[in-house]
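A short worksheet on the structure shown next.
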Amino acid sequence: MGTASLKVSGGKMINARVELCNGSIISIQFTGDFFLHPEELIEVIESALIGKRPCEDELAQTIDRVLQGHNAQLIGASAQDFAKVIMEASQ
Amino acid sequence: MNWRVIPLKTHDAATAMALDEAASEAVRRGGPPTIRFYRWLPSAVSIGYFQSMEAEVDLDACRKLGVDQVRRRTGGGTVYHDHDGEITYSVIAPESFFGKDIIASYNLICGWIVDAFSQLGISAEFKPINDIVTQGKKISGNAQTRRGKVLLQHGTILYDLDVKRMFSVLKVTEEKISDKMIAAVEDRVTCIRRVSNATRDETYQALREAFTKDKDFYEGEWTEKEFAYARELAETKYSTREWNFQR
């Protein structure tokens, strides 16, 4: 189980708690003071990351796909920022 | 459109948040767009939708001091709502009133607060994402959600500031509650009392006037249906561990 935090420059705080098994994410939870519209989508994003390997660009793409698929907006952080925190928590 | 304005009231944390949701549901069903002002009794800490109560709030200190805790429907950060230290507002209206651009809508609603400050002789400006600053220091924090094509924005206007008391209910280490740390926060945050001689009532009147300027409005109250739904939400959602400790 790893944890990491990122204060986005000019933006918000993202914390991630990540658990890996055989190099893949088996559990993940984000907390922080960012904004996501609609809010409930955070659980869809977390579910979409299960089974993924810690590769920053692929993680960012996965998050972006979920956001675009739901016409959602992240404010104060980007998909890439979330991917960066996962990478750090996965070290 | 005819806005309903619900004058300054006092609520506990769960009821305050439940009323926002009940009003949002009423707007979704065609009810009046609503502006409300309120204070928190007892004083409370609210956390953003994505925050962890255990990580952010010193629950033992809250119990000792009789401070409520609640998780909001909106994102954003942890806020200490002192009963005597702030005025809170909510704006609940169809999303179509404000357009899709979220930052633009923050700017618009925060502009009403800036106008109120201007009436009090305080020069302030909206600072994206969701703050209002005066003399480079934060004086108001705001948060927005959009669900079911209804926009809810709520925010606080700091009237008085007691950083030591605020820190005492947040998860801040003992070393951080040092004079140096308190000074650091006081460098970034201010309140009406530090920049103006306005009383709390004058502040509220200025807010009320600025929020209703150029609008058709009437002074209204909660409907029985809204209040009943809010009581249900306060009991079954906003005061439950399941909601407040979800993350």
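Identifiers in this document derive from the order of the structure tokens: chains are assigned A, B, ..., residues are numbered from 1 separately in each chain, and ligands are numbered from 1 in order of occurrence.
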Would you give me, as a ChimeraX atom specification, the residues in range 61-186 of chain B that DSSP reads as strand (DSSP E)?
/B:68-71,79-81,86-94,124-127,131-134,137-147,150-158
Considering only C-alpha atoms, tabulate each residue of chain A that lies at most 7 Å from chain B along with its nearest interatomic pair and the corresponding distance in Å to one decimal; arrange the rows by chain and ascending residue number and present them as JSON lines.
```
{"residue": "A:Thr31", "atom": "CA", "partner": "B:Gln51", "partner_atom": "CA", "distance": 5.0}
{"residue": "A:Gly32", "atom": "CA", "partner": "B:Gln51", "partner_atom": "CA", "distance": 5.1}
{"residue": "A:Asp33", "atom": "CA", "partner": "B:Gly76", "partner_atom": "CA", "distance": 4.1}
{"residue": "A:Phe34", "atom": "CA", "partner": "B:Gly76", "partner_atom": "CA", "distance": 5.5}
{"residue": "A:Phe35", "atom": "CA", "partner": "B:Gly75", "partner_atom": "CA", "distance": 4.8}
{"residue": "A:His37", "atom": "CA", "partner": "B:Thr145", "partner_atom": "CA", "distance": 6.8}
{"residue": "A:Pro38", "atom": "CA", "partner": "B:Arg146", "partner_atom": "CA", "distance": 6.9}
```
Could you go through range 13-240 of chain B and tell me which residues DSSP, when run on the backbone, assigns to helix (DSSP H, G or I), listing them as a JSON list (two decimals) with N, CA and C atoms, in the first residue's frame?
```json
[["chain", "number", "residue", "atom", "x", "y", "z"],
["B", 13, "ALA", "N", -25.05, 21.74, 11.35],
["B", 13, "ALA", "CA", -24.35, 21.42, 10.10],
["B", 13, "ALA", "C", -25.16, 20.50, 9.18],
["B", 14, "ALA", "N", -25.72, 19.44, 9.74],
["B", 14, "ALA", "CA", -26.45, 18.48, 8.90],
["B", 14, "ALA", "C", -27.66, 19.15, 8.25],
["B", 15, "THR", "N", -28.36, 19.97, 9.02],
["B", 15, "THR", "CA", -29.54, 20.64, 8.46],
["B", 15, "THR", "C", -29.13, 21.66, 7.41],
["B", 16, "ALA", "N", -28.04, 22.38, 7.67],
["B", 16, "ALA", "CA", -27.58, 23.39, 6.70],
["B", 16, "ALA", "C", -27.32, 22.74, 5.34],
["B", 17, "MET", "N", -26.64, 21.59, 5.36],
["B", 17, "MET", "CA", -26.32, 20.92, 4.10],
["B", 17, "MET", "C", -27.56, 20.25, 3.49],
["B", 18, "ALA", "N", -28.43, 19.75, 4.35],
["B", 18, "ALA", "CA", -29.65, 19.10, 3.88],
["B", 18, "ALA", "C", -30.57, 20.11, 3.19],
["B", 19, "LEU", "N", -30.62, 21.33, 3.72],
["B", 19, "LEU", "CA", -31.48, 22.35, 3.10],
["B", 19, "LEU", "C", -30.97, 22.71, 1.70],
["B", 20, "ASP", "N", -29.65, 22.73, 1.53],
["B", 20, "ASP", "CA", -29.11, 22.97, 0.17],
["B", 20, "ASP", "C", -29.58, 21.89, -0.80],
["B", 21, "GLU", "N", -29.55, 20.65, -0.33],
["B", 21, "GLU", "CA", -29.96, 19.56, -1.22],
["B", 21, "GLU", "C", -31.47, 19.58, -1.45],
["B", 22, "ALA", "N", -32.24, 19.89, -0.41],
["B", 22, "ALA", "CA", -33.70, 19.95, -0.56],
["B", 22, "ALA", "C", -34.08, 21.08, -1.52],
["B", 23, "ALA", "N", -33.39, 22.21, -1.42],
["B", 23, "ALA", "CA", -33.69, 23.34, -2.32],
["B", 23, "ALA", "C", -33.29, 22.97, -3.75],
["B", 24, "SER", "N", -32.19, 22.23, -3.91],
["B", 24, "SER", "CA", -31.75, 21.80, -5.25],
["B", 24, "SER", "C", -32.81, 20.89, -5.87],
["B", 25, "GLU", "N", -33.33, 20.00, -5.05],
["B", 25, "GLU", "CA", -34.37, 19.08, -5.53],
["B", 25, "GLU", "C", -35.63, 19.87, -5.92],
["B", 26, "ALA", "N", -35.95, 20.87, -5.11],
["B", 26, "ALA", "CA", -37.14, 21.69, -5.42],
["B", 26, "ALA", "C", -36.94, 22.43, -6.75],
["B", 27, "VAL", "N", -35.74, 22.97, -6.97],
["B", 27, "VAL", "CA", -35.46, 23.67, -8.24],
["B", 27, "VAL", "C", -35.54, 22.68, -9.40],
["B", 28, "ARG", "N", -35.01, 21.49, -9.18],
["B", 28, "ARG", "CA", -35.06, 20.47, -10.25],
["B", 28, "ARG", "C", -36.50, 20.18, -10.67],
["B", 53, "MET", "N", -12.63, 12.70, 6.31],
["B", 53, "MET", "CA", -12.92, 13.33, 7.61],
["B", 53, "MET", "C", -11.79, 13.03, 8.60],
["B", 54, "GLU", "N", -11.37, 11.76, 8.61],
["B", 54, "GLU", "CA", -10.35, 11.38, 9.60],
["B", 54, "GLU", "C", -9.01, 12.06, 9.32],
["B", 55, "ALA", "N", -8.72, 12.30, 8.03],
["B", 55, "ALA", "CA", -7.45, 12.93, 7.69],
["B", 55, "ALA", "C", -7.47, 14.43, 7.95],
["B", 56, "GLU", "N", -8.64, 15.03, 7.88],
["B", 56, "GLU", "CA", -8.72, 16.50, 7.94],
["B", 56, "GLU", "C", -9.12, 17.07, 9.30],
["B", 59, "LEU", "N", -11.24, 14.92, 15.49],
["B", 59, "LEU", "CA", -12.58, 14.59, 15.99],
["B", 59, "LEU", "C", -12.68, 14.70, 17.51],
["B", 60, "ASP", "N", -11.58, 14.36, 18.20],
["B", 60, "ASP", "CA", -11.59, 14.48, 19.67],
["B", 60, "ASP", "C", -11.75, 15.94, 20.08],
["B", 61, "ALA", "N", -11.00, 16.80, 19.38],
["B", 61, "ALA", "CA", -11.10, 18.24, 19.70],
["B", 61, "ALA", "C", -12.50, 18.75, 19.41],
["B", 62, "CYS", "N", -13.10, 18.29, 18.31],
["B", 62, "CYS", "CA", -14.47, 18.71, 17.98],
["B", 62, "CYS", "C", -15.44, 18.30, 19.08],
["B", 63, "ARG", "N", -15.28, 17.07, 19.55],
["B", 63, "ARG", "CA", -16.18, 16.59, 20.61],
["B", 63, "ARG", "C", -16.03, 17.45, 21.86],
["B", 64, "LYS", "N", -14.76, 17.72, 22.22],
["B", 64, "LYS", "CA", -14.51, 18.53, 23.43],
["B", 64, "LYS", "C", -15.10, 19.93, 23.31],
["B", 65, "LEU", "N", -14.98, 20.49, 22.12],
["B", 65, "LEU", "CA", -15.42, 21.89, 21.93],
["B", 65, "LEU", "C", -16.87, 21.99, 21.45],
["B", 95, "GLU", "N", -29.10, 25.31, -13.89],
["B", 95, "GLU", "CA", -27.77, 25.48, -14.46],
["B", 95, "GLU", "C", -27.81, 26.44, -15.65],
["B", 96, "SER", "N", -28.95, 26.43, -16.36],
["B", 96, "SER", "CA", -29.08, 27.25, -17.58],
["B", 96, "SER", "C", -28.98, 28.76, -17.28],
["B", 97, "PHE", "N", -29.24, 29.16, -16.03],
["B", 97, "PHE", "CA", -29.10, 30.58, -15.67],
["B", 97, "PHE", "C", -27.66, 31.04, -15.80],
["B", 102, "ILE", "N", -17.95, 26.66, -15.78],
["B", 102, "ILE", "CA", -18.02, 26.65, -14.32],
["B", 102, "ILE", "C", -17.26, 27.83, -13.71],
["B", 103, "ILE", "N", -16.05, 28.10, -14.21],
["B", 103, "ILE", "CA", -15.28, 29.22, -13.65],
["B", 103, "ILE", "C", -16.00, 30.56, -13.89],
["B", 104, "ALA", "N", -16.62, 30.67, -15.08],
["B", 104, "ALA", "CA", -17.37, 31.91, -15.38],
["B", 104, "ALA", "C", -18.52, 32.08, -14.39],
["B", 105, "SER", "N", -19.15, 30.96, -14.02],
["B", 105, "SER", "CA", -20.27, 31.07, -13.08],
["B", 105, "SER", "C", -19.78, 31.38, -11.66],
["B", 106, "TYR", "N", -18.62, 30.85, -11.29],
["B", 106, "TYR", "CA", -18.03, 31.27, -10.00],
["B", 106, "TYR", "C", -17.79, 32.78, -10.03],
["B", 107, "ASN", "N", -17.23, 33.22, -11.15],
["B", 107, "ASN", "CA", -16.89, 34.64, -11.29],
["B", 107, "ASN", "C", -18.15, 35.51, -11.14],
["B", 108, "LEU", "N", -19.25, 35.05, -11.77],
["B", 108, "LEU", "CA", -20.49, 35.81, -11.72],
["B", 108, "LEU", "C", -21.03, 35.91, -10.29],
["B", 109, "ILE", "N", -21.16, 34.75, -9.64],
["B", 109, "ILE", "CA", -21.74, 34.76, -8.28],
["B", 109, "ILE", "C", -20.78, 35.43, -7.29],
["B", 110, "CYS", "N", -19.49, 35.14, -7.44],
["B", 110, "CYS", "CA", -18.52, 35.79, -6.54],
["B", 110, "CYS", "C", -18.51, 37.30, -6.78],
["B", 111, "GLY", "N", -18.89, 37.71, -8.00],
["B", 111, "GLY", "CA", -18.99, 39.15, -8.29],
["B", 111, "GLY", "C", -20.01, 39.83, -7.40],
["B", 112, "TRP", "N", -21.07, 39.11, -7.02],
["B", 112, "TRP", "CA", -22.07, 39.68, -6.10],
["B", 112, "TRP", "C", -21.42, 39.95, -4.74],
["B", 113, "ILE", "N", -20.56, 39.03, -4.32],
["B", 113, "ILE", "CA", -19.88, 39.21, -3.02],
["B", 113, "ILE", "C", -18.91, 40.38, -3.11],
["B", 114, "VAL", "N", -18.20, 40.44, -4.24],
["B", 114, "VAL", "CA", -17.26, 41.56, -4.45],
["B", 114, "VAL", "C", -18.03, 42.88, -4.39],
["B", 115, "ASP", "N", -19.22, 42.91, -4.98],
["B", 115, "ASP", "CA", -20.05, 44.13, -4.95],
["B", 115, "ASP", "C", -20.46, 44.48, -3.51],
["B", 116, "ALA", "N", -20.78, 43.44, -2.74],
["B", 116, "ALA", "CA", -21.16, 43.68, -1.33],
["B", 116, "ALA", "C", -19.96, 44.26, -0.57],
["B", 117, "PHE", "N", -18.79, 43.70, -0.81],
["B", 117, "PHE", "CA", -17.59, 44.22, -0.16],
["B", 117, "PHE", "C", -17.36, 45.68, -0.55],
["B", 118, "SER", "N", -17.61, 45.96, -1.82],
["B", 118, "SER", "CA", -17.41, 47.31, -2.32],
["B", 118, "SER", "C", -18.31, 48.30, -1.55],
["B", 119, "GLN", "N", -19.57, 47.87, -1.31],
["B", 119, "GLN", "CA", -20.48, 48.71, -0.52],
["B", 119, "GLN", "C", -19.94, 48.99, 0.87],
["B", 163, "VAL", "N", -7.54, 32.04, 14.23],
["B", 163, "VAL", "CA", -6.77, 30.96, 13.60],
["B", 163, "VAL", "C", -6.47, 29.85, 14.60],
["B", 164, "LYS", "N", -6.18, 30.23, 15.83],
["B", 164, "LYS", "CA", -5.84, 29.22, 16.83],
["B", 164, "LYS", "C", -7.03, 28.27, 17.06],
["B", 165, "ARG", "N", -8.22, 28.85, 17.13],
["B", 165, "ARG", "CA", -9.41, 28.02, 17.35],
["B", 165, "ARG", "C", -9.66, 27.14, 16.11],
["B", 166, "MET", "N", -9.46, 27.74, 14.93],
["B", 166, "MET", "CA", -9.65, 26.98, 13.69],
["B", 166, "MET", "C", -8.69, 25.79, 13.66],
["B", 167, "PHE", "N", -7.42, 26.04, 13.97],
["B", 167, "PHE", "CA", -6.42, 24.96, 13.97],
["B", 167, "PHE", "C", -6.75, 23.89, 15.00],
["B", 168, "SER", "N", -7.39, 24.30, 16.10],
["B", 168, "SER", "CA", -7.62, 23.35, 17.17],
["B", 168, "SER", "C", -8.58, 22.24, 16.76],
["B", 169, "VAL", "N", -9.39, 22.46, 15.74],
["B", 169, "VAL", "CA", -10.33, 21.40, 15.32],
["B", 169, "VAL", "C", -9.90, 20.74, 14.02],
["B", 174, "GLU", "N", 0.78, 19.76, 16.65],
["B", 174, "GLU", "CA", 1.01, 20.73, 17.74],
["B", 174, "GLU", "C", 2.07, 21.76, 17.35],
["B", 175, "GLU", "N", 3.16, 21.27, 16.69],
["B", 175, "GLU", "CA", 4.23, 22.22, 16.34],
["B", 175, "GLU", "C", 3.73, 23.28, 15.39],
["B", 176, "LYS", "N", 2.78, 22.84, 14.54],
["B", 176, "LYS", "CA", 2.29, 23.80, 13.55],
["B", 176, "LYS", "C", 1.41, 24.88, 14.18],
["B", 179, "ASP", "N", 3.17, 30.20, 16.99],
["B", 179, "ASP", "CA", 2.92, 31.60, 16.63],
["B", 179, "ASP", "C", 3.32, 31.85, 15.18],
["B", 180, "LYS", "N", 4.41, 31.17, 14.76],
["B", 180, "LYS", "CA", 4.92, 31.38, 13.41],
["B", 180, "LYS", "C", 3.90, 30.89, 12.37],
["B", 181, "MET", "N", 3.33, 29.71, 12.65],
["B", 181, "MET", "CA", 2.36, 29.12, 11.73],
["B", 181, "MET", "C", 1.08, 29.97, 11.70],
["B", 182, "ILE", "N", 0.67, 30.41, 12.86],
["B", 182, "ILE", "CA", -0.53, 31.24, 12.94],
["B", 182, "ILE", "C", -0.30, 32.54, 12.15],
["B", 183, "ALA", "N", 0.90, 33.10, 12.30],
["B", 183, "ALA", "CA", 1.23, 34.32, 11.56],
["B", 183, "ALA", "C", 1.21, 34.04, 10.06],
["B", 184, "ALA", "N", 1.67, 32.84, 9.67],
["B", 184, "ALA", "CA", 1.71, 32.49, 8.24],
["B", 184, "ALA", "C", 0.29, 32.43, 7.67],
["B", 185, "VAL", "N", -0.64, 31.89, 8.45],
["B", 185, "VAL", "CA", -2.04, 31.81, 7.98],
["B", 185, "VAL", "C", -2.62, 33.22, 7.93],
["B", 186, "GLU", "N", -2.30, 34.00, 8.95],
["B", 186, "GLU", "CA", -2.85, 35.37, 9.00],
["B", 186, "GLU", "C", -2.29, 36.24, 7.88],
["B", 187, "ASP", "N", -1.19, 35.79, 7.29],
["B", 187, "ASP", "CA", -0.63, 36.47, 6.12],
["B", 187, "ASP", "C", -1.43, 36.16, 4.86],
["B", 188, "ARG", "N", -2.15, 35.03, 4.88],
["B", 188, "ARG", "CA", -2.87, 34.60, 3.67],
["B", 188, "ARG", "C", -4.38, 34.78, 3.77],
["B", 192, "ILE", "N", -13.61, 40.42, 7.51],
["B", 192, "ILE", "CA", -14.20, 41.77, 7.45],
["B", 192, "ILE", "C", -13.69, 42.65, 8.59],
["B", 193, "ARG", "N", -13.67, 42.09, 9.79],
["B", 193, "ARG", "CA", -13.30, 42.91, 10.96],
["B", 193, "ARG", "C", -11.90, 43.49, 10.87],
["B", 194, "ARG", "N", -11.03, 42.83, 10.10],
["B", 194, "ARG", "CA", -9.66, 43.32, 10.00],
["B", 194, "ARG", "C", -9.47, 44.37, 8.90],
["B", 195, "VAL", "N", -10.47, 44.45, 8.02],
["B", 195, "VAL", "CA", -10.30, 45.40, 6.91],
["B", 195, "VAL", "C", -11.40, 46.46, 6.86],
["B", 200, "ARG", "N", -21.51, 42.88, 11.72],
["B", 200, "ARG", "CA", -21.98, 41.67, 11.04],
["B", 200, "ARG", "C", -23.30, 41.94, 10.32],
["B", 201, "ASP", "N", -24.18, 42.72, 11.00],
["B", 201, "ASP", "CA", -25.47, 43.00, 10.38],
["B", 201, "ASP", "C", -25.29, 43.86, 9.12],
["B", 202, "GLU", "N", -24.39, 44.83, 9.17],
["B", 202, "GLU", "CA", -24.13, 45.65, 7.97],
["B", 202, "GLU", "C", -23.57, 44.78, 6.84],
["B", 203, "THR", "N", -22.74, 43.83, 7.22],
["B", 203, "THR", "CA", -22.16, 42.91, 6.22],
["B", 203, "THR", "C", -23.28, 42.09, 5.57],
["B", 204, "TYR", "N", -24.16, 41.57, 6.40],
["B", 204, "TYR", "CA", -25.27, 40.77, 5.88],
["B", 204, "TYR", "C", -26.17, 41.61, 4.97],
["B", 205, "GLN", "N", -26.48, 42.83, 5.41],
["B", 205, "GLN", "CA", -27.35, 43.69, 4.59],
["B", 205, "GLN", "C", -26.71, 43.99, 3.24],
["B", 206, "ALA", "N", -25.39, 44.22, 3.26],
["B", 206, "ALA", "CA", -24.68, 44.50, 2.00],
["B", 206, "ALA", "C", -24.72, 43.27, 1.09],
["B", 207, "LEU", "N", -24.56, 42.09, 1.67],
["B", 207, "LEU", "CA", -24.62, 40.86, 0.87],
["B", 207, "LEU", "C", -26.01, 40.69, 0.26],
["B", 208, "ARG", "N", -27.00, 40.88, 1.08],
["B", 208, "ARG", "CA", -28.39, 40.72, 0.64],
["B", 208, "ARG", "C", -28.70, 41.68, -0.52],
["B", 209, "GLU", "N", -28.24, 42.90, -0.36],
["B", 209, "GLU", "CA", -28.50, 43.91, -1.39],
["B", 209, "GLU", "C", -27.76, 43.54, -2.70],
["B", 210, "ALA", "N", -26.51, 43.13, -2.55],
["B", 210, "ALA", "CA", -25.72, 42.83, -3.75],
["B", 210, "ALA", "C", -26.23, 41.56, -4.45],
["B", 211, "PHE", "N", -26.66, 40.58, -3.68],
["B", 211, "PHE", "CA", -27.14, 39.33, -4.28],
["B", 211, "PHE", "C", -28.47, 39.54, -5.02],
["B", 212, "THR", "N", -29.25, 40.54, -4.60],
["B", 212, "THR", "CA", -30.58, 40.72, -5.20],
["B", 212, "THR", "C", -30.63, 41.87, -6.21],
["B", 224, "GLU", "N", -43.15, 23.56, 3.42],
["B", 224, "GLU", "CA", -43.23, 22.44, 4.37],
["B", 224, "GLU", "C", -42.58, 21.20, 3.78],
["B", 225, "LYS", "N", -42.80, 21.02, 2.48],
["B", 225, "LYS", "CA", -42.26, 19.84, 1.79],
["B", 225, "LYS", "C", -40.73, 19.86, 1.79],
["B", 226, "GLU", "N", -40.17, 21.05, 1.48],
["B", 226, "GLU", "CA", -38.71, 21.17, 1.48],
["B", 226, "GLU", "C", -38.14, 20.90, 2.86],
["B", 227, "PHE", "N", -38.80, 21.50, 3.86],
["B", 227, "PHE", "CA", -38.26, 21.37, 5.20],
["B", 227, "PHE", "C", -38.34, 19.92, 5.68],
["B", 228, "ALA", "N", -39.44, 19.26, 5.32],
["B", 228, "ALA", "CA", -39.59, 17.85, 5.72],
["B", 228, "ALA", "C", -38.52, 17.00, 5.04],
["B", 229, "TYR", "N", -38.26, 17.28, 3.75],
["B", 229, "TYR", "CA", -37.25, 16.52, 3.02],
["B", 229, "TYR", "C", -35.87, 16.80, 3.61],
["B", 230, "ALA", "N", -35.63, 18.07, 3.97],
["B", 230, "ALA", "CA", -34.34, 18.43, 4.57],
["B", 230, "ALA", "C", -34.15, 17.71, 5.91],
["B", 231, "ARG", "N", -35.21, 17.63, 6.69],
["B", 231, "ARG", "CA", -35.09, 16.92, 7.98],
["B", 231, "ARG", "C", -34.75, 15.46, 7.76],
["B", 232, "GLU", "N", -35.37, 14.90, 6.73],
["B", 232, "GLU", "CA", -35.10, 13.49, 6.42],
["B", 232, "GLU", "C", -33.64, 13.31, 5.97],
["B", 233, "LEU", "N", -33.19, 14.24, 5.11],
["B", 233, "LEU", "CA", -31.80, 14.15, 4.63],
["B", 233, "LEU", "C", -30.79, 14.37, 5.76],
["B", 234, "ALA", "N", -31.12, 15.30, 6.64],
["B", 234, "ALA", "CA", -30.21, 15.58, 7.76],
["B", 234, "ALA", "C", -30.05, 14.32, 8.61],
["B", 235, "GLU", "N", -31.15, 13.61, 8.78],
["B", 235, "GLU", "CA", -31.13, 12.43, 9.64],
["B", 235, "GLU", "C", -30.52, 11.20, 8.95],
["B", 236, "THR", "N", -30.90, 11.02, 7.69],
["B", 236, "THR", "CA", -30.51, 9.76, 7.02],
["B", 236, "THR", "C", -29.24, 9.89, 6.18],
["B", 237, "LYS", "N", -28.75, 11.11, 6.01],
["B", 237, "LYS", "CA", -27.55, 11.28, 5.17],
["B", 237, "LYS", "C", -26.48, 12.11, 5.89],
["B", 238, "TYR", "N", -26.78, 13.40, 6.11],
["B", 238, "TYR", "CA", -25.71, 14.31, 6.54],
["B", 238, "TYR", "C", -25.26, 14.13, 7.99]]
```
Could you tell me how far CA of Met13 in chain A sits from CA of Glu58 in chain A, in Å to one decimal place?
21.5 Å
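For the choices B:Leu170, B:Phe37, B:Lys213, B:Lys127, the atom-to-atom distance to Gly10 in chain A is smallest for B:Lys127 when using only C-alpha atoms.
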Grab the CA of Tyr38 in chain B to CA of Val5 in chain B distance for me, in Å with one decimal place.
11.5 Å
Counting only C-alpha atoms, which of A:Val66, A:Met1, A:Ala60, A:Val8 gets nearest to Ser47 in chain A?
A:Val66
Name all residues at most 8 Å from Leu36 in chain A (count only C-alpha atoms; drop same-chain ones fewer than 6 positions away) and give them as a CSV table (one decimal) with C-alpha atoms, in the first residue's frame.
```
chain,number,residue,atom,x,y,z
A,42,ILE,CA,-14.6,9.6,-8.9
A,72,ALA,CA,-17.1,15.5,-17.0
A,73,GLN,CA,-14.9,18.4,-15.8
A,74,LEU,CA,-12.0,18.3,-13.5
A,75,ILE,CA,-11.2,21.6,-11.9
B,75,GLY,CA,-15.7,19.6,-3.7
```
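Picture a line from CA of Gly155 in chain B to CA of Ile45 in chain A; it runs 27.4 Å.
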Excluding Leu158 in chain B and residues on its chain fewer than 3 positions from it, collect all residues at most 10 Å away from it, counting only C-alpha atoms, and give them as a PyMOL selection string.
chain B and resi 81-82+84-88+138-141+155+161+189-193
Neighbour list for range 14-25 of chain A as JSON, numbers by chain, cut-off 8 Å, only C-alpha atoms, skip fewer than 3 positions in-chain:
{"A": [1, 2, 3, 4, 5, 6, 7, 8, 28, 29, 30, 31, 32, 33, 34, 49, 50, 51, 52, 53, 54, 77, 82, 85, 86, 89, 90]}
Taking C-alpha atoms for each residue, export the selection above as a short mmCIF file (atom, residue, chain, number, x, y, z; two decimals), in the first residue's frame.
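Final output, out-v6.cif:
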```
data_model
loop_
_atom_site.label_atom_id
_atom_site.label_comp_id
_atom_site.auth_asym_id
_atom_site.auth_seq_id
_atom_site.Cartn_x
_atom_site.Cartn_y
_atom_site.Cartn_z
CA MET A 1 0.00 0.00 0.00
CA GLY A 2 1.48 3.35 -1.01
CA THR A 3 0.31 6.89 -0.53
CA ALA A 4 1.33 10.14 -2.18
CA SER A 5 0.16 13.73 -2.43
CA LEU A 6 0.48 16.41 -5.04
CA LYS A 7 -0.33 20.09 -4.69
CA VAL A 8 -1.06 21.17 -8.24
CA ILE A 28 -7.08 2.87 -5.26
CA GLN A 29 -8.69 5.83 -3.58
CA PHE A 30 -8.29 9.54 -4.22
CA THR A 31 -8.92 12.27 -1.69
CA GLY A 32 -8.29 16.00 -1.89
CA ASP A 33 -9.80 19.44 -2.33
CA PHE A 34 -10.13 19.30 -6.12
CA LEU A 49 -7.86 2.16 -12.85
CA ILE A 50 -8.14 -1.29 -11.27
CA GLY A 51 -5.97 -3.78 -13.16
CA LYS A 52 -3.83 -1.05 -14.75
CA ARG A 53 -0.07 -1.00 -14.46
CA PRO A 54 1.63 2.13 -13.19
CA ALA A 77 -6.19 19.31 -11.36
CA PHE A 82 -3.85 12.25 -11.00
CA VAL A 85 0.19 10.95 -7.90
CA ILE A 86 -0.58 7.31 -8.67
CA ALA A 89 2.19 6.25 -4.59
CA SER A 90 3.17 3.14 -6.56
#
```
